[in-house]
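Pasting input-v4.cif here (mmCIF, C-alpha atoms and all ligand atoms):
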data_data
#
loop_
_atom_site.label_atom_id
_atom_site.label_comp_id
_atom_site.auth_asym_id
_atom_site.auth_seq_id
_atom_site.Cartn_x
_atom_site.Cartn_y
_atom_site.Cartn_z
CA MET P 1 144.32 33.97 -85.63
CA LYS P 2 141.30 31.73 -85.09
CA PRO P 3 142.09 28.87 -82.72
CA PRO P 4 141.59 25.28 -83.93
CA PRO P 5 138.40 23.65 -82.68
CA GLY P 6 138.02 21.73 -79.42
CA PRO P 7 139.98 22.62 -76.28
CA PHE P 8 141.71 25.51 -78.04
CA ARG P 9 138.41 27.44 -78.12
CA PRO P 10 137.94 29.47 -74.94
CA ASP P 11 134.26 28.46 -74.68
CA PHE P 12 135.31 24.78 -74.42
CA TRP P 13 136.23 25.09 -70.70
CA ARG P 14 133.12 25.64 -68.63
CA SER P 15 133.81 24.88 -64.96
CA PRO P 16 132.41 27.82 -62.98
CA ILE P 17 134.93 27.38 -60.17
CA ARG P 18 138.12 27.72 -62.20
CA GLY P 19 139.84 31.03 -61.67
CA PRO P 20 142.85 32.78 -60.12
CA TRP P 21 141.60 32.26 -56.55
CA MET P 22 141.04 28.53 -57.05
CA THR P 23 144.48 28.14 -58.60
CA ALA P 24 146.05 30.25 -55.84
CA ILE P 25 144.58 28.20 -53.01
CA LEU P 26 145.49 24.88 -54.64
CA GLY P 27 148.97 26.25 -55.38
CA SER P 28 149.42 27.40 -51.78
CA ILE P 29 148.54 23.97 -50.39
CA LEU P 30 150.71 22.28 -53.00
CA LEU P 31 153.59 24.57 -52.08
CA VAL P 32 153.52 23.37 -48.47
CA GLY P 33 153.59 19.75 -49.66
CA VAL P 34 156.37 20.11 -52.21
CA THR P 35 158.49 22.15 -49.78
CA ILE P 36 158.40 19.30 -47.24
CA VAL P 37 159.06 16.74 -49.97
CA SER P 38 161.94 18.74 -51.48
CA VAL P 39 163.69 19.46 -48.18
CA THR P 40 163.42 15.85 -46.98
CA GLY P 41 164.44 14.64 -50.44
CA PHE P 42 167.67 16.62 -50.45
CA LEU P 43 168.30 15.54 -46.86
CA SER P 44 167.88 11.94 -47.97
CA HIS P 45 170.38 12.51 -50.73
CA ALA P 46 172.85 13.84 -48.17
CA ALA P 47 172.23 10.84 -45.89
CA TYR P 48 172.25 8.25 -48.63
CA GLU P 49 175.04 9.70 -50.75
CA PRO P 50 174.66 7.20 -53.55
CA ASP P 51 178.22 7.43 -54.78
CA PHE P 52 179.42 4.50 -52.73
CA PRO P 53 182.05 4.10 -51.47
CA ALA P 54 183.05 7.73 -51.88
CA ASN P 55 180.27 8.31 -49.46
CA ALA P 56 179.56 11.81 -48.22
CA ILE P 57 178.52 10.67 -44.79
CA VAL P 58 182.20 9.98 -44.22
CA ASP P 59 184.24 12.83 -42.89
CA ALA P 60 186.34 12.82 -46.04
CA GLY P 61 183.34 13.97 -48.07
CA ALA P 62 182.35 16.69 -45.66
CA ASP P 63 184.10 19.41 -47.64
CA LEU P 64 181.95 18.81 -50.72
CA PRO P 65 179.04 21.20 -51.19
CA LEU P 66 175.75 20.16 -49.56
CA THR P 67 177.30 17.25 -47.69
CA PHE P 68 177.66 16.86 -43.96
CA ASN P 69 178.00 14.08 -41.47
CA TRP P 70 174.52 12.67 -41.15
CA PRO P 71 173.74 12.37 -37.44
CA THR P 72 173.20 9.03 -35.68
CA SER P 73 170.83 10.59 -33.12
CA PRO P 74 167.95 10.37 -32.70
CA SER P 75 168.04 6.82 -34.04
CA TRP P 76 164.76 7.41 -35.89
CA ILE P 77 165.93 10.57 -37.66
CA TYR P 78 166.01 9.00 -41.11
CA ALA P 79 162.79 7.05 -40.50
CA LEU P 80 161.22 10.46 -39.86
CA THR P 81 162.69 12.41 -42.77
CA GLN P 82 162.15 9.63 -45.28
CA GLY P 83 158.72 8.73 -43.89
CA LEU P 84 157.74 12.37 -44.46
CA HIS P 85 159.28 12.36 -47.92
CA VAL P 86 157.33 9.33 -49.10
CA THR P 87 154.06 9.90 -47.22
CA VAL P 88 153.77 13.63 -47.87
CA GLY P 89 154.89 13.01 -51.46
CA LEU P 90 152.10 10.51 -52.07
CA ALA P 91 149.53 12.62 -50.21
CA THR P 92 150.43 15.65 -52.34
CA ILE P 93 149.47 13.92 -55.60
CA PRO P 94 145.71 14.72 -55.40
CA PHE P 95 146.57 18.41 -54.96
CA LEU P 96 149.01 18.27 -57.87
CA LEU P 97 146.29 16.79 -60.08
CA ALA P 98 143.74 19.37 -58.89
CA LYS P 99 146.22 22.17 -59.53
CA LEU P 100 146.85 20.90 -63.07
CA TRP P 101 143.08 20.67 -63.59
CA SER P 102 142.68 24.26 -62.45
CA VAL P 103 145.07 25.60 -65.10
CA ILE P 104 144.37 23.21 -67.94
CA PRO P 105 142.78 25.84 -70.24
CA ARG P 106 146.22 27.49 -70.27
CA LEU P 107 147.68 24.41 -71.93
CA PHE P 108 145.51 25.18 -74.95
CA THR P 109 146.12 28.93 -75.14
CA TRP P 110 146.01 30.07 -78.74
CA PRO P 111 148.35 31.25 -80.15
CA PRO P 112 150.70 29.36 -77.81
CA VAL P 113 153.22 32.21 -77.54
CA THR P 114 152.92 35.83 -78.43
CA THR P 115 155.89 37.69 -76.93
CA PRO P 116 159.36 36.66 -75.70
CA ALA P 117 158.04 37.11 -72.16
CA THR P 118 155.23 34.61 -72.67
CA MET P 119 157.76 32.26 -74.27
CA ILE P 120 159.88 32.35 -71.11
CA GLU P 121 156.85 31.99 -68.87
CA ARG P 122 155.59 29.01 -70.83
CA GLY P 123 159.04 27.46 -70.94
CA VAL P 124 159.18 27.65 -67.14
CA ILE P 125 155.70 26.12 -66.86
CA GLY P 126 156.69 23.35 -69.28
CA LEU P 127 159.74 22.48 -67.19
CA LEU P 128 157.75 22.69 -63.97
CA VAL P 129 154.91 20.46 -65.17
CA ALA P 130 157.27 17.96 -66.81
CA SER P 131 159.62 17.74 -63.82
CA SER P 132 156.83 17.51 -61.25
CA ILE P 133 155.10 14.70 -63.17
CA PHE P 134 158.46 12.96 -63.60
CA GLN P 135 159.28 13.29 -59.88
CA PHE P 136 155.90 12.08 -58.66
CA VAL P 137 155.70 9.19 -61.13
CA THR P 138 159.25 7.90 -60.57
CA GLY P 139 159.02 8.41 -56.81
CA THR P 140 155.73 6.55 -56.55
CA MET P 141 156.99 3.72 -58.75
CA ASN P 142 160.13 3.39 -56.65
CA ALA P 143 158.24 3.39 -53.35
CA GLN P 144 156.02 0.66 -54.83
CA TYR P 145 159.03 -1.44 -55.92
CA TRP P 146 158.13 -1.16 -59.56
CA TYR P 147 161.53 -0.72 -61.19
CA ALA P 148 160.31 -0.45 -64.73
CA PHE P 149 162.59 2.41 -65.71
CA GLY P 150 165.58 1.89 -67.95
CA PHE P 151 167.63 4.48 -66.07
CA ASP P 152 169.26 4.96 -62.68
CA PHE P 153 166.40 6.06 -60.42
CA VAL P 154 168.59 7.69 -57.76
CA ARG P 155 170.41 9.96 -60.19
CA ALA P 156 167.35 10.73 -62.31
CA HIS P 157 165.19 11.56 -59.28
CA TYR P 158 167.93 13.79 -57.89
CA TRP P 159 168.45 15.78 -61.09
CA GLY P 160 164.70 15.87 -61.65
CA ALA P 161 164.46 17.52 -58.23
CA VAL P 162 167.09 20.11 -59.13
CA VAL P 163 165.14 21.06 -62.27
CA PHE P 164 161.86 21.04 -60.33
CA VAL P 165 163.10 23.34 -57.56
CA ALA P 166 164.63 25.79 -60.04
CA ALA P 167 161.46 25.88 -62.17
CA LEU P 168 159.29 26.19 -59.05
CA PHE P 169 161.32 29.15 -57.87
CA ALA P 170 160.95 30.93 -61.21
CA HIS P 171 157.23 30.09 -61.26
CA LEU P 172 156.77 31.57 -57.78
CA VAL P 173 158.53 34.77 -58.76
CA ILE P 174 156.24 35.10 -61.79
CA LYS P 175 152.98 34.02 -60.15
CA LEU P 176 153.14 35.30 -56.58
CA PRO P 177 151.70 38.69 -57.55
CA VAL P 178 148.77 36.97 -59.32
CA ALA P 179 148.01 34.84 -56.24
CA ARG P 180 148.30 37.85 -53.95
CA ARG P 181 145.89 39.82 -56.06
CA ALA P 182 143.41 36.92 -56.02
CA TYR P 183 143.64 36.69 -52.24
CA ARG P 184 143.32 40.44 -51.87
CA ASP P 185 140.28 40.66 -54.12
CA ARG P 186 138.48 37.51 -52.98
CA GLY P 187 139.87 36.93 -49.47
CA VAL P 188 142.05 33.96 -48.62
CA LEU P 189 139.30 31.72 -47.26
CA LYS P 190 136.11 33.67 -47.95
CA PRO P 191 135.18 31.77 -51.14
CA LEU P 192 134.98 28.62 -49.00
CA ARG P 193 131.82 29.95 -47.33
CA ASP P 194 129.67 29.49 -50.44
CA ASP P 195 127.58 26.38 -50.85
CA ILE P 196 126.70 25.15 -54.35
CA ALA P 197 123.76 27.52 -54.72
CA GLY P 198 125.93 30.47 -53.73
CA THR P 199 128.85 29.52 -55.97
CA ARG P 200 129.48 32.20 -58.62
CA PRO P 201 132.32 32.32 -61.17
CA GLU P 202 135.24 34.61 -60.40
CA PRO P 203 135.19 37.80 -62.48
CA PRO P 204 136.72 37.48 -65.98
CA ASP P 205 140.53 37.46 -65.78
CA GLU P 206 143.29 38.22 -68.27
CA HIS P 207 144.82 34.76 -67.69
CA GLY P 208 142.00 32.81 -69.29
CA LEU P 209 141.31 30.67 -66.24
CA VAL P 210 137.79 31.86 -65.65
CA ALA P 211 135.31 30.24 -68.09
CA ARG P 212 133.89 32.50 -70.79
CA GLU P 213 130.61 30.63 -70.71
CA PRO P 214 130.48 29.02 -67.28
CA ALA P 215 128.16 26.05 -66.69
CA ASP P 216 126.02 25.80 -63.57
CA PRO P 217 128.05 24.67 -60.56
CA THR P 218 127.87 20.98 -59.62
CA ILE P 219 130.27 21.32 -56.69
CA SER P 220 131.21 24.23 -54.44
CA ARG P 221 134.79 25.40 -54.02
CA ARG P 222 134.92 23.98 -50.51
CA GLY P 223 133.38 20.77 -51.88
CA LEU P 224 136.25 20.45 -54.35
CA LEU P 225 138.91 21.17 -51.72
CA GLY P 226 137.22 18.75 -49.31
CA PHE P 227 137.15 16.04 -51.96
CA VAL P 228 140.80 16.50 -52.89
CA GLY P 229 141.78 16.82 -49.21
CA ALA P 230 139.92 13.62 -48.30
CA GLY P 231 141.76 11.75 -51.05
CA SER P 232 145.03 13.14 -49.80
CA LEU P 233 144.28 12.20 -46.18
CA LEU P 234 143.28 8.68 -47.18
CA ILE P 235 146.55 8.18 -49.03
CA ALA P 236 148.50 9.58 -46.05
CA LEU P 237 146.72 7.31 -43.56
CA GLY P 238 147.15 4.29 -45.77
CA ASN P 239 150.91 4.80 -46.02
CA ALA P 240 152.22 6.55 -42.89
CA GLY P 241 152.10 3.35 -40.83
CA GLN P 242 154.90 1.78 -42.83
CA SER P 243 157.30 4.45 -41.55
CA LEU P 244 155.91 4.53 -38.01
CA GLY P 245 156.11 0.76 -37.60
CA GLY P 246 154.72 -1.22 -34.67
CA PRO P 247 150.93 -1.33 -34.40
CA PHE P 248 150.59 1.44 -37.01
CA LYS P 249 151.78 -1.00 -39.68
CA GLU P 250 148.28 -2.49 -39.69
CA LEU P 251 146.97 0.83 -40.98
CA ALA P 252 149.36 0.96 -43.90
CA ILE P 253 146.92 -0.70 -46.27
CA PHE P 254 148.43 0.92 -49.36
CA ALA P 255 152.07 0.27 -48.47
CA PRO P 256 153.84 -2.39 -50.49
CA ARG P 257 155.63 -3.89 -47.46
CA GLN P 258 153.02 -5.27 -45.10
CA GLU P 259 155.32 -7.50 -43.09
CA ASP P 260 156.68 -6.36 -39.74
CA PHE P 261 160.30 -7.11 -40.68
CA PRO P 262 160.73 -6.80 -44.46
CA VAL P 263 163.65 -8.28 -46.36
CA ASN P 264 165.15 -5.84 -48.80
CA LYS P 265 167.22 -8.22 -50.88
CA PRO P 266 166.88 -11.92 -50.13
CA PHE P 267 170.02 -14.03 -49.82
CA GLU P 268 169.16 -16.24 -52.78
CA ILE P 269 169.31 -13.40 -55.31
CA VAL P 270 172.67 -11.86 -54.34
CA SER P 271 174.83 -14.78 -55.61
CA ILE P 272 176.81 -15.40 -52.46
CA PRO P 273 177.91 -19.06 -52.40
CA MET P 274 176.67 -21.07 -49.40
CA GLU P 275 180.29 -21.99 -48.43
CA ALA P 276 181.12 -18.30 -47.98
CA VAL P 277 178.70 -17.99 -45.06
CA GLY P 278 179.56 -21.37 -43.47
CA ASP P 279 181.98 -22.20 -40.67
CA SER P 280 184.94 -21.03 -42.72
CA TRP P 281 183.62 -17.44 -42.75
CA ARG P 282 185.99 -14.97 -41.13
CA LEU P 283 185.47 -11.27 -40.45
CA LYS P 284 188.51 -9.32 -41.63
CA LEU P 285 189.50 -6.18 -39.74
CA ARG P 286 191.89 -3.81 -41.50
CA GLY P 287 193.27 -0.40 -40.82
CA GLY P 288 195.78 -0.47 -38.01
CA GLY P 289 198.61 -2.90 -38.52
CA GLU P 290 198.16 -6.46 -39.60
CA GLU P 291 194.80 -7.77 -40.72
CA VAL P 292 192.82 -9.39 -37.89
CA GLU P 293 190.57 -12.37 -38.66
CA LEU P 294 187.67 -13.36 -36.42
CA SER P 295 185.28 -16.29 -36.65
CA ARG P 296 181.65 -16.00 -35.58
CA ALA P 297 182.55 -17.87 -32.40
CA ASP P 298 185.31 -15.32 -31.69
CA LEU P 299 182.82 -12.50 -32.16
CA LEU P 300 180.17 -14.13 -29.99
CA ALA P 301 182.77 -14.45 -27.22
CA MET P 302 183.32 -10.68 -27.21
CA ASP P 303 181.44 -8.08 -25.16
CA LEU P 304 177.97 -8.28 -26.77
CA ARG P 305 175.53 -5.37 -26.77
CA THR P 306 171.82 -5.34 -27.43
CA GLU P 307 170.08 -2.31 -28.95
CA LYS P 308 166.59 -1.72 -30.29
CA LEU P 309 167.17 0.17 -33.53
CA PRO P 310 165.28 0.78 -36.77
CA ILE P 311 166.12 -0.08 -40.32
CA ALA P 312 164.72 2.83 -42.31
CA CYS P 313 164.65 2.18 -46.03
CA VAL P 314 164.85 4.97 -48.60
CA GLU P 315 161.66 3.53 -50.03
CA GLY P 316 159.73 4.66 -46.96
CA TRP P 317 159.32 1.70 -44.61
CA ALA P 318 160.90 1.41 -41.20
CA SER P 319 161.27 -1.66 -39.01
CA TRP P 320 162.38 -1.69 -35.36
CA GLN P 321 164.17 -4.80 -34.13
CA THR P 322 166.32 -5.79 -31.21
CA TRP P 323 169.88 -6.38 -32.39
CA THR P 324 172.74 -8.08 -30.57
CA GLY P 325 176.34 -7.82 -31.65
CA VAL P 326 179.75 -6.28 -31.16
CA ARG P 327 180.25 -2.53 -31.03
CA LEU P 328 181.95 -1.10 -34.10
CA ARG P 329 184.23 0.93 -31.85
CA ASP P 330 185.40 -2.23 -30.07
CA LEU P 331 186.24 -3.71 -33.46
CA ALA P 332 188.10 -0.53 -34.40
CA ALA P 333 190.14 -0.88 -31.23
CA LEU P 334 190.86 -4.52 -32.10
CA ALA P 335 192.02 -3.41 -35.53
CA GLY P 336 194.39 -1.03 -33.78
CA VAL P 337 192.80 2.32 -34.55
CA ASP P 338 191.12 4.87 -32.33
CA ARG P 339 188.94 7.45 -34.06
CA ALA P 340 188.20 6.12 -37.55
CA THR P 341 185.76 5.90 -40.41
CA VAL P 342 184.94 2.41 -41.63
CA THR P 343 184.41 1.11 -45.13
CA VAL P 344 182.27 -2.00 -44.99
CA GLU P 345 182.59 -4.64 -47.67
CA SER P 346 179.92 -7.28 -48.18
CA LEU P 347 180.39 -10.83 -49.44
CA GLN P 348 177.90 -9.78 -52.10
CA PRO P 349 179.93 -9.81 -55.33
CA GLY P 350 178.20 -6.91 -57.10
CA GLY P 351 175.55 -4.28 -56.77
CA ARG P 352 175.39 -0.81 -55.33
CA PHE P 353 175.20 -1.86 -51.69
CA ARG P 354 178.24 -4.11 -51.43
CA LEU P 355 180.35 -1.19 -50.17
CA THR P 356 179.42 1.48 -47.67
CA THR P 357 181.38 3.97 -45.62
CA HIS P 358 180.35 5.16 -42.16
CA SER P 359 181.57 8.34 -40.50
CA ALA P 360 183.87 8.40 -37.49
CA ASP P 361 180.94 9.67 -35.41
CA ALA P 362 178.91 6.62 -36.45
CA VAL P 363 181.75 4.27 -35.52
CA ALA P 364 182.18 6.02 -32.19
CA ASP P 365 178.45 5.81 -31.35
CA GLU P 366 178.11 3.11 -28.73
CA ARG P 367 174.91 1.82 -30.31
CA SER P 368 176.57 1.07 -33.67
CA LEU P 369 176.91 -2.68 -34.01
CA LEU P 370 178.19 -5.45 -36.13
CA ALA P 371 175.04 -7.46 -35.41
CA LEU P 372 175.15 -11.24 -35.10
CA GLN P 373 171.67 -11.84 -33.73
CA VAL P 374 168.26 -10.27 -33.96
CA ASN P 375 165.44 -10.67 -31.44
CA GLY P 376 167.47 -13.21 -29.50
CA GLU P 377 168.21 -15.52 -32.45
CA ASP P 378 170.98 -15.85 -34.99
CA LEU P 379 170.48 -13.59 -37.99
CA SER P 380 168.71 -15.34 -40.84
CA LEU P 381 170.50 -15.52 -44.19
CA ASP P 382 168.01 -12.99 -45.57
CA HIS P 383 168.80 -10.51 -42.81
CA GLY P 384 172.55 -10.74 -43.32
CA PHE P 385 174.00 -13.84 -41.61
CA PRO P 386 176.79 -14.24 -40.54
CA ALA P 387 177.02 -10.53 -39.60
CA ARG P 388 175.55 -7.18 -40.61
CA ILE P 389 175.92 -3.50 -39.84
CA ILE P 390 173.37 -1.73 -37.65
CA VAL P 391 174.07 2.00 -37.20
CA PRO P 392 171.42 4.28 -35.68
CA GLY P 393 169.89 7.10 -37.72
CA VAL P 394 171.25 6.24 -41.17
CA PRO P 395 169.33 5.04 -44.25
CA GLY P 396 168.82 1.28 -44.61
CA VAL P 397 171.13 1.24 -47.62
CA HIS P 398 174.04 1.70 -45.21
CA GLN P 399 173.02 -1.25 -42.98
CA THR P 400 175.20 -3.64 -44.95
CA LYS P 401 174.34 -7.35 -44.82
CA TRP P 402 176.70 -10.35 -45.18
CA VAL P 403 179.71 -8.36 -43.99
CA GLU P 404 183.16 -9.67 -44.83
CA ILE P 405 185.61 -6.80 -44.34
CA LEU P 406 185.70 -3.77 -42.04
CA ASP P 407 188.39 -1.40 -43.25
CA PHE P 408 189.01 1.33 -40.67
CA GLU P 409 190.69 4.57 -41.59
CA ALA P 410 191.96 6.72 -38.78
CA VAL P 411 190.91 10.38 -38.77
CA GLU P 412 192.18 13.30 -36.71
CA ALA P 413 190.42 13.30 -33.35
N1 LIG V 501 174.92 -6.48 -48.92
C1 LIG V 501 173.75 -5.81 -48.93
N2 LIG V 501 173.34 -5.19 -47.82
C2 LIG V 501 172.16 -4.51 -47.80
C3 LIG V 501 171.36 -4.44 -48.96
C4 LIG V 501 171.82 -5.11 -50.13
O1 LIG V 501 171.16 -5.11 -51.17
N3 LIG V 501 173.00 -5.78 -50.07
N4 LIG V 501 170.18 -3.70 -48.94
C5 LIG V 501 170.15 -2.61 -47.95
C6 LIG V 501 168.86 -1.96 -47.85
S1 LIG V 501 168.43 -0.93 -49.13
C7 LIG V 501 168.06 -2.08 -46.75
S2 LIG V 501 166.64 -1.18 -46.59
C8 LIG V 501 168.40 -3.01 -45.66
C9 LIG V 501 167.25 -3.96 -45.41
O2 LIG V 501 167.59 -4.88 -44.44
P1 LIG V 501 166.68 -6.16 -44.18
O3 LIG V 501 166.55 -6.89 -45.50
O4 LIG V 501 167.36 -6.98 -43.15
O5 LIG V 501 165.36 -5.65 -43.72
O6 LIG V 501 169.56 -3.76 -45.96
C10 LIG V 501 170.60 -3.06 -46.58
N5 LIG V 501 171.77 -3.89 -46.66
MO MO V 502 166.55 0.16 -48.57
#
In structure tokens, write the structure found in this file.
Ligand SMILES: Nc1nc2c(c(=O)[nH]1)N[C@H]1C(S)=C(S)[C@@H](COP(=O)(O)O)O[C@H]1N2
Ligand SMILES: [Mo]
Amino acid sequence: MKPPPGPFRPDFWRSPIRGPWMTAILGSILLVGVTIVSVTGFLSHAAYEPDFPANAIVDAGADLPLTFNWPTSPSWIYALTQGLHVTVGLATIPFLLAKLWSVIPRLFTWPPVTTPATMIERGVIGLLVASSIFQFVTGTMNAQYWYAFGFDFVRAHYWGAVVFVAALFAHLVIKLPVARRAYRDRGVLKPLRDDIAGTRPEPPDEHGLVAREPADPTISRRGLLGFVGAGSLLIALGNAGQSLGGPFKELAIFAPRQEDFPVNKPFEIVSIPMEAVGDSWRLKLRGGGEEVELSRADLLAMDLRTEKLPIACVEGWASWQTWTGVRLRDLAALAGVDRATVTVESLQPGGRFRLTTHSADAVADERSLLALQVNGEDLSLDHGFPARIIVPGVPGVHQTKWVEILDFEAVEA
């Protein structure tokens, strides 16, 4: 069957550096990147547990598969895992594009399928390409605060990841022998020694990657990898600072949040009436016996603690501030319970973050605060006045602002 004209003709693709070795080396680098991104992504899911308030970081959820009590130490654990997820994710994009470039003639194979085996192989590739593009596009959009999708990002990105990992696994099983052969025949790094003048096409292959009628080289293989690697490094350097915080923030020229202490959701958009945060505000403690009500003055008269702790947002930024407030475990004791989880309810009338549950370990951690002040001053309305949660190590989504109710639930010690 004669292929249609254009890219379906094998002589259309002429790059002299396409071939199994080129694809293998790009795939190997990509594999390192997507492994880091996948592991940290699933960890983030376990830490975030988006099904508030049935939140898997509470002990009650610990018997579900893939859930565990996310640790509170070190306090920067989530800033690290999520910083890696976002930064490595973004820095992997140039390698993803280069890898797709290296195999693009395969997209136009004619006829598209010949045997049931090629049908399966191409189905796997289709899923892999579609899910990786979906993951990288939605992830980048989310980290850039561009919520243009008409679907729930958290769920879609999670299920996209499940499809991606499954397709990647199948792809590895199918393609590992091809990569190994390319490395065995060409050497793992040997082709990087050639300059442009010494760059020769790989020998003809049965996969159709090597050009039938190669053009003269305009870039060496190491030139291509250097170019892609430099792009990747630039993206990494321009973003990593947002997760490192402090002086490194200055370097985060590509990050959407340039300020030292970002506001995730400003007070004015969460529809909390001004009266609710005025003098009549009372914190309600539940769980033991009768409900306990405390004013801000009551709280400020308690044993106050000051801790320097980060807010680490799922979207990649982290911000270290010095918080002052009352320990959650002191409030649990006031409510009349000892070891307990706490479900936090915000004054915010709607939205995903109005309810959060923290594990008993988080409540017991002496650094976990109901914060009243930050950096020596009263919290601003945007940062959660009259009171907010600050728990070390957890994602920012659990650092509930404008707290109204702390509902403790005793657990077996
Ligand atoms: N009630 C409420 N609390 C909230 C949020 C929210 O939307 N509503 N956003 C959370 C998220 S996603 C983050 S990252 C932090 C950001 O805190 P900041 O605005 O003080 O920096 O607040 C958390 N607490
Ligand atoms: Mo966040």
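Distance-wise, CA of Gly351 (chain P) and CA of Ser271 (chain P) end up 10.6 Å apart.
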(message) Using all atoms listed in the file, which residues have at least one atom no more than 6 Å from ligand MO 502 (chain V)? Output them as a list in words.
(response)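 After applying the 6 Å limit, what remains is Cys313, Val314, Gly396 and Val397 of chain P.
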(request) Kindly give the distance, in Å, that separates CA of Glu412 (chain P) and CA of Asp338 (chain P), rounded to a single decimal. (result)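 Taking CA of Glu412 (chain P) as the start and CA of Asp338 (chain P) as the end point, the length is 9.6 Å.
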(request) Kindly provide, as a count of residues only, all nucleotide and amino acid residues lying within 9 Å of ligand LIG 501 (chain V), counting all atoms listed in the file. (result) 43
(request) Please measure the separation of CA of Gly226 (chain P) and CA of Arg212 (chain P), giving the value in Å to one decimal. (result) 25.7 Å
(message) Neighbouring residues of Ala230 (chain P) were defined as those with any atom within 10 Å, considering only C-alpha atoms; residues of the same chain fewer than 6 positions away were excluded. Please report them as a count of residues only.
(response) 4
Tell me, counting all atoms listed in the file, for each residue of region 215-251 of chain P within 9 Å of region 3-19 of chain P, which pair of atoms is nearest and how far apart they are in Å to one decimal, in rows ordered by chain and increasing number, as a tab-separated table.
residue	atom	partner	partner_atom	distance
P:Ala215	CA	P:Arg14	CA	5.3
P:Asp216	CA	P:Pro16	CA	6.7
P:Pro217	CA	P:Pro16	CA	5.9
P:Thr218	CA	P:Pro16	CA	8.9
P:Ile219	CA	P:Ile17	CA	8.4
P:Ser220	CA	P:Ile17	CA	7.5
P:Arg221	CA	P:Ile17	CA	6.5
Using only the atoms of region 208-212 of chain P listed in the file, plus 6 Å on each side, state the axis-aligned box centre and edge lengths in Å rounded to one decimal, as JSON.
{"center_x": 137.9, "center_y": 31.5, "center_z": -68.2, "size_x": 20.1, "size_y": 14.6, "size_z": 17.1}
(request) Would you list the contacts of Val188 (chain P) as number ranges by chain, taking every protein, DNA or RNA residue within 12 Å and counting all atoms listed in the file, but skipping same-chain residues closer than 6 positions in sequence? (result) P: 20-26, 28, 179-182
Leu233 (chain P) surroundings by only C-alpha atoms, 12 Å radius, close-in-sequence under 4 positions cut, as a PDB file with C-alpha atoms, in the frame of the given file:
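Contents of around-v8.pdb, freshly written:
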ATOM      1  CA  THR P  87     154.060   9.900 -47.220  1.00  0.00           C
ATOM      2  CA  VAL P  88     153.770  13.630 -47.870  1.00  0.00           C
ATOM      3  CA  GLY P  89     154.890  13.010 -51.460  1.00  0.00           C
ATOM      4  CA  LEU P  90     152.100  10.510 -52.070  1.00  0.00           C
ATOM      5  CA  ALA P  91     149.530  12.620 -50.210  1.00  0.00           C
ATOM      6  CA  THR P  92     150.430  15.650 -52.340  1.00  0.00           C
ATOM      7  CA  ILE P  93     149.470  13.920 -55.600  1.00  0.00           C
ATOM      8  CA  PRO P  94     145.710  14.720 -55.400  1.00  0.00           C
ATOM      9  CA  PHE P  95     146.570  18.410 -54.960  1.00  0.00           C
ATOM     10  CA  LEU P 225     138.910  21.170 -51.720  1.00  0.00           C
ATOM     11  CA  GLY P 226     137.220  18.750 -49.310  1.00  0.00           C
ATOM     12  CA  PHE P 227     137.150  16.040 -51.960  1.00  0.00           C
ATOM     13  CA  VAL P 228     140.800  16.500 -52.890  1.00  0.00           C
ATOM     14  CA  GLY P 229     141.780  16.820 -49.210  1.00  0.00           C
ATOM     15  CA  LEU P 237     146.720   7.310 -43.560  1.00  0.00           C
ATOM     16  CA  GLY P 238     147.150   4.290 -45.770  1.00  0.00           C
ATOM     17  CA  ASN P 239     150.910   4.800 -46.020  1.00  0.00           C
ATOM     18  CA  ALA P 240     152.220   6.550 -42.890  1.00  0.00           C
TER      19      ALA P 240
END
(message) Using all atoms listed in the file for the distances, tell me which of P:Thr40, P:Thr356, P:Thr306, P:Thr35 is nearest to Ala79 (chain P).
(response) P:Thr40
(request) Would you kindly return, as a PyMOL selection string, each protein, DNA or RNA residue with an atom no farther than 12 Å from any atom of region 278-281 of chain P, considering all atoms listed in the file and excluding same-chain residues fewer than 5 positions away? (result) chain P and resi 272-273+293-299+347+381+385-387+402-405
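Look at Leu304 (chain P): the protein and nucleic acid residues within 10 Å of it, using only C-alpha atoms and passing over chain neighbours fewer than 3 places away, are P:Leu299, P:Leu300, P:Ala301, P:Thr324, P:Gly325, P:Val326, P:Arg327, P:Leu369, P:Leu370, P:Ala371, P:Leu372.
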Write out, as a tab-separated table (two decimals), in the frame of the given file, the residues just selected, with C-alpha atoms.
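Everything below was put into part.tsv:
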chain	number	residue	atom	x	y	z
P	299	LEU	CA	182.82	-12.50	-32.16
P	300	LEU	CA	180.17	-14.13	-29.99
P	301	ALA	CA	182.77	-14.45	-27.22
P	324	THR	CA	172.74	-8.08	-30.57
P	325	GLY	CA	176.34	-7.82	-31.65
P	326	VAL	CA	179.75	-6.28	-31.16
P	327	ARG	CA	180.25	-2.53	-31.03
P	369	LEU	CA	176.91	-2.68	-34.01
P	370	LEU	CA	178.19	-5.45	-36.13
P	371	ALA	CA	175.04	-7.46	-35.41
P	372	LEU	CA	175.15	-11.24	-35.10
(message) Within 12 Å of (149.3, 29.2, -79.7) (file coordinates; all atoms listed in the file), which protein or nucleic acid residues are there? I'd like them as a ChimeraX atom specification.
(response) /P:1-4,7-9,105-115,118-119,122
With 10 Å as the cut-off and all atoms listed in the file counted, what is the closest atom pair between each nearby residue of region 341-381 of chain P and region 71-75 of chain P? Distances in Å to one decimal, ordered by chain and number, as CSV.
residue,atom,partner,partner_atom,distance
P:Ser359,CA,P:Pro71,CA,9.3
P:Asp361,CA,P:Thr72,CA,7.8
P:Ala362,CA,P:Thr72,CA,6.2
P:Val363,CA,P:Thr72,CA,9.8
P:Asp365,CA,P:Thr72,CA,7.5
P:Arg367,CA,P:Thr72,CA,9.2
P:Ser368,CA,P:Thr72,CA,8.9
